[in-house]
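Okay, so here's the structure we're looking at.
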Amino acid sequence: MVDLLKDLWGFMRERKKFWLAPIILVMLLLGVLLVVAQGSAVAPFIYTLF
């Protein structure tokens with residue numbers, strides 16, 4: 001996982017693609033939100049957002 005992050009950061013730095021960072025961050029946060037909420041009582045309310 002650490003190697004993937006290093007490679008991704010190296011790609012963004014070398015190619016000047018820093019605009020990808022917020023997109024990747026939002027995708028990761030949404031993924032974590034879905035995984036955390038899957039087993040809780042809040043899940044039906046979160047799934048209605050999508």
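In the structure tokens, each chain is lettered A, B, ... as it comes, each chain's residues begin at 1, and ligands are numbered from 1 in order of appearance.
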Please return as a ChimeraX atom specification: the residues of chain A that backbone DSSP assigns to helix (DSSP H, G or I).
-> /A:2-15,20-37,43-47
Would you export the selected residues with N, CA and C atoms as an mmCIF file, in the first residue's frame, please?
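Listing of selection-v6.cif after writing:
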```cif
data_model
loop_
_atom_site.group_PDB
_atom_site.id
_atom_site.type_symbol
_atom_site.label_atom_id
_atom_site.label_comp_id
_atom_site.auth_asym_id
_atom_site.auth_seq_id
_atom_site.Cartn_x
_atom_site.Cartn_y
_atom_site.Cartn_z
ATOM 1 N N VAL A 2 1.938 1.223 0.782
ATOM 2 C CA VAL A 2 2.832 2.382 0.855
ATOM 3 C C VAL A 2 3.517 2.603 -0.492
ATOM 4 N N ASP A 3 3.903 1.503 -1.154
ATOM 5 C CA ASP A 3 4.533 1.630 -2.472
ATOM 6 C C ASP A 3 3.573 2.247 -3.486
ATOM 7 N N LEU A 4 2.297 1.871 -3.402
ATOM 8 C CA LEU A 4 1.305 2.437 -4.302
ATOM 9 C C LEU A 4 1.179 3.939 -4.098
ATOM 10 N N LEU A 5 1.148 4.366 -2.843
ATOM 11 C CA LEU A 5 1.045 5.796 -2.553
ATOM 12 C C LEU A 5 2.288 6.550 -3.010
ATOM 13 N N LYS A 6 3.451 5.943 -2.833
ATOM 14 C CA LYS A 6 4.688 6.578 -3.299
ATOM 15 C C LYS A 6 4.701 6.721 -4.815
ATOM 16 N N ASP A 7 4.280 5.657 -5.503
ATOM 17 C CA ASP A 7 4.230 5.701 -6.963
ATOM 18 C C ASP A 7 3.217 6.736 -7.454
ATOM 19 N N LEU A 8 2.070 6.786 -6.803
ATOM 20 C CA LEU A 8 1.047 7.758 -7.178
ATOM 21 C C LEU A 8 1.541 9.183 -6.957
ATOM 22 N N TRP A 9 2.177 9.435 -5.829
ATOM 23 C CA TRP A 9 2.711 10.765 -5.550
ATOM 24 C C TRP A 9 3.820 11.122 -6.541
ATOM 25 N N GLY A 10 4.671 10.164 -6.852
ATOM 26 C CA GLY A 10 5.731 10.402 -7.832
ATOM 27 C C GLY A 10 5.165 10.734 -9.207
ATOM 28 N N PHE A 11 4.103 10.031 -9.602
ATOM 29 C CA PHE A 11 3.455 10.312 -10.884
ATOM 30 C C PHE A 11 2.878 11.718 -10.904
ATOM 31 N N MET A 12 2.163 12.070 -9.823
ATOM 32 C CA MET A 12 1.537 13.400 -9.789
ATOM 33 C C MET A 12 2.595 14.503 -9.765
ATOM 34 N N ARG A 13 3.692 14.287 -9.062
ATOM 35 C CA ARG A 13 4.735 15.305 -8.978
ATOM 36 C C ARG A 13 5.477 15.454 -10.300
ATOM 37 N N GLU A 14 5.764 14.338 -10.948
ATOM 38 C CA GLU A 14 6.532 14.383 -12.191
ATOM 39 C C GLU A 14 5.715 14.958 -13.353
ATOM 40 N N ARG A 15 4.452 14.598 -13.419
ATOM 41 C CA ARG A 15 3.613 15.014 -14.544
ATOM 42 C C ARG A 15 2.779 16.262 -14.250
ATOM 43 N N LEU A 20 -5.341 15.729 -9.410
ATOM 44 C CA LEU A 20 -5.857 14.388 -9.117
ATOM 45 C C LEU A 20 -5.976 14.132 -7.614
ATOM 46 N N ALA A 21 -5.204 14.833 -6.810
ATOM 47 C CA ALA A 21 -5.182 14.582 -5.365
ATOM 48 C C ALA A 21 -6.561 14.761 -4.711
ATOM 49 N N PRO A 22 -7.289 15.861 -4.958
ATOM 50 C CA PRO A 22 -8.615 15.977 -4.321
ATOM 51 C C PRO A 22 -9.601 14.906 -4.781
ATOM 52 N N ILE A 23 -9.507 14.509 -6.037
ATOM 53 C CA ILE A 23 -10.410 13.474 -6.553
ATOM 54 C C ILE A 23 -10.138 12.150 -5.853
ATOM 55 N N ILE A 24 -8.876 11.798 -5.727
ATOM 56 C CA ILE A 24 -8.508 10.545 -5.062
ATOM 57 C C ILE A 24 -8.904 10.589 -3.592
ATOM 58 N N LEU A 25 -8.694 11.727 -2.954
ATOM 59 C CA LEU A 25 -9.051 11.869 -1.538
ATOM 60 C C LEU A 25 -10.552 11.709 -1.323
ATOM 61 N N VAL A 26 -11.365 12.313 -2.161
ATOM 62 C CA VAL A 26 -12.820 12.191 -2.031
ATOM 63 C C VAL A 26 -13.265 10.755 -2.268
ATOM 64 N N MET A 27 -12.666 10.095 -3.259
ATOM 65 C CA MET A 27 -13.022 8.699 -3.513
ATOM 66 C C MET A 27 -12.665 7.812 -2.330
ATOM 67 N N LEU A 28 -11.503 8.041 -1.723
ATOM 68 C CA LEU A 28 -11.113 7.265 -0.547
ATOM 69 C C LEU A 28 -12.042 7.517 0.633
ATOM 70 N N LEU A 29 -12.411 8.772 0.853
ATOM 71 C CA LEU A 29 -13.318 9.097 1.955
ATOM 72 C C LEU A 29 -14.693 8.475 1.754
ATOM 73 N N LEU A 30 -15.199 8.491 0.532
ATOM 74 C CA LEU A 30 -16.490 7.848 0.271
ATOM 75 C C LEU A 30 -16.409 6.343 0.487
ATOM 76 N N GLY A 31 -15.321 5.741 0.083
ATOM 77 C CA GLY A 31 -15.145 4.309 0.304
ATOM 78 C C GLY A 31 -15.097 3.957 1.774
ATOM 79 N N VAL A 32 -14.362 4.740 2.540
ATOM 80 C CA VAL A 32 -14.281 4.507 3.989
ATOM 81 C C VAL A 32 -15.647 4.714 4.634
ATOM 82 N N LEU A 33 -16.371 5.735 4.198
ATOM 83 C CA LEU A 33 -17.704 5.991 4.744
ATOM 84 C C LEU A 33 -18.637 4.811 4.480
ATOM 85 N N LEU A 34 -18.594 4.265 3.291
ATOM 86 C CA LEU A 34 -19.459 3.132 2.975
ATOM 87 C C LEU A 34 -19.081 1.885 3.770
ATOM 88 N N VAL A 35 -17.801 1.652 3.948
ATOM 89 C CA VAL A 35 -17.364 0.474 4.702
ATOM 90 C C VAL A 35 -17.736 0.609 6.177
ATOM 91 N N VAL A 36 -17.537 1.782 6.742
ATOM 92 C CA VAL A 36 -17.836 1.996 8.161
ATOM 93 C C VAL A 36 -19.341 1.946 8.416
ATOM 94 N N ALA A 37 -20.117 2.514 7.517
ATOM 95 C CA ALA A 37 -21.561 2.597 7.738
ATOM 96 C C ALA A 37 -22.292 1.316 7.364
ATOM 97 N N ALA A 43 -26.730 3.214 8.021
ATOM 98 C CA ALA A 43 -26.546 2.753 6.645
ATOM 99 C C ALA A 43 -27.714 3.101 5.714
ATOM 100 N N PRO A 44 -28.969 2.903 6.105
ATOM 101 C CA PRO A 44 -30.055 3.245 5.166
ATOM 102 C C PRO A 44 -30.075 4.728 4.789
ATOM 103 N N PHE A 45 -29.671 5.592 5.691
ATOM 104 C CA PHE A 45 -29.676 7.017 5.398
ATOM 105 C C PHE A 45 -28.510 7.402 4.486
ATOM 106 N N ILE A 46 -27.382 6.734 4.648
ATOM 107 C CA ILE A 46 -26.232 7.023 3.795
ATOM 108 C C ILE A 46 -26.458 6.486 2.391
ATOM 109 N N TYR A 47 -27.068 5.315 2.262
ATOM 110 C CA TYR A 47 -27.285 4.735 0.942
ATOM 111 C C TYR A 47 -28.297 5.545 0.131
#
```
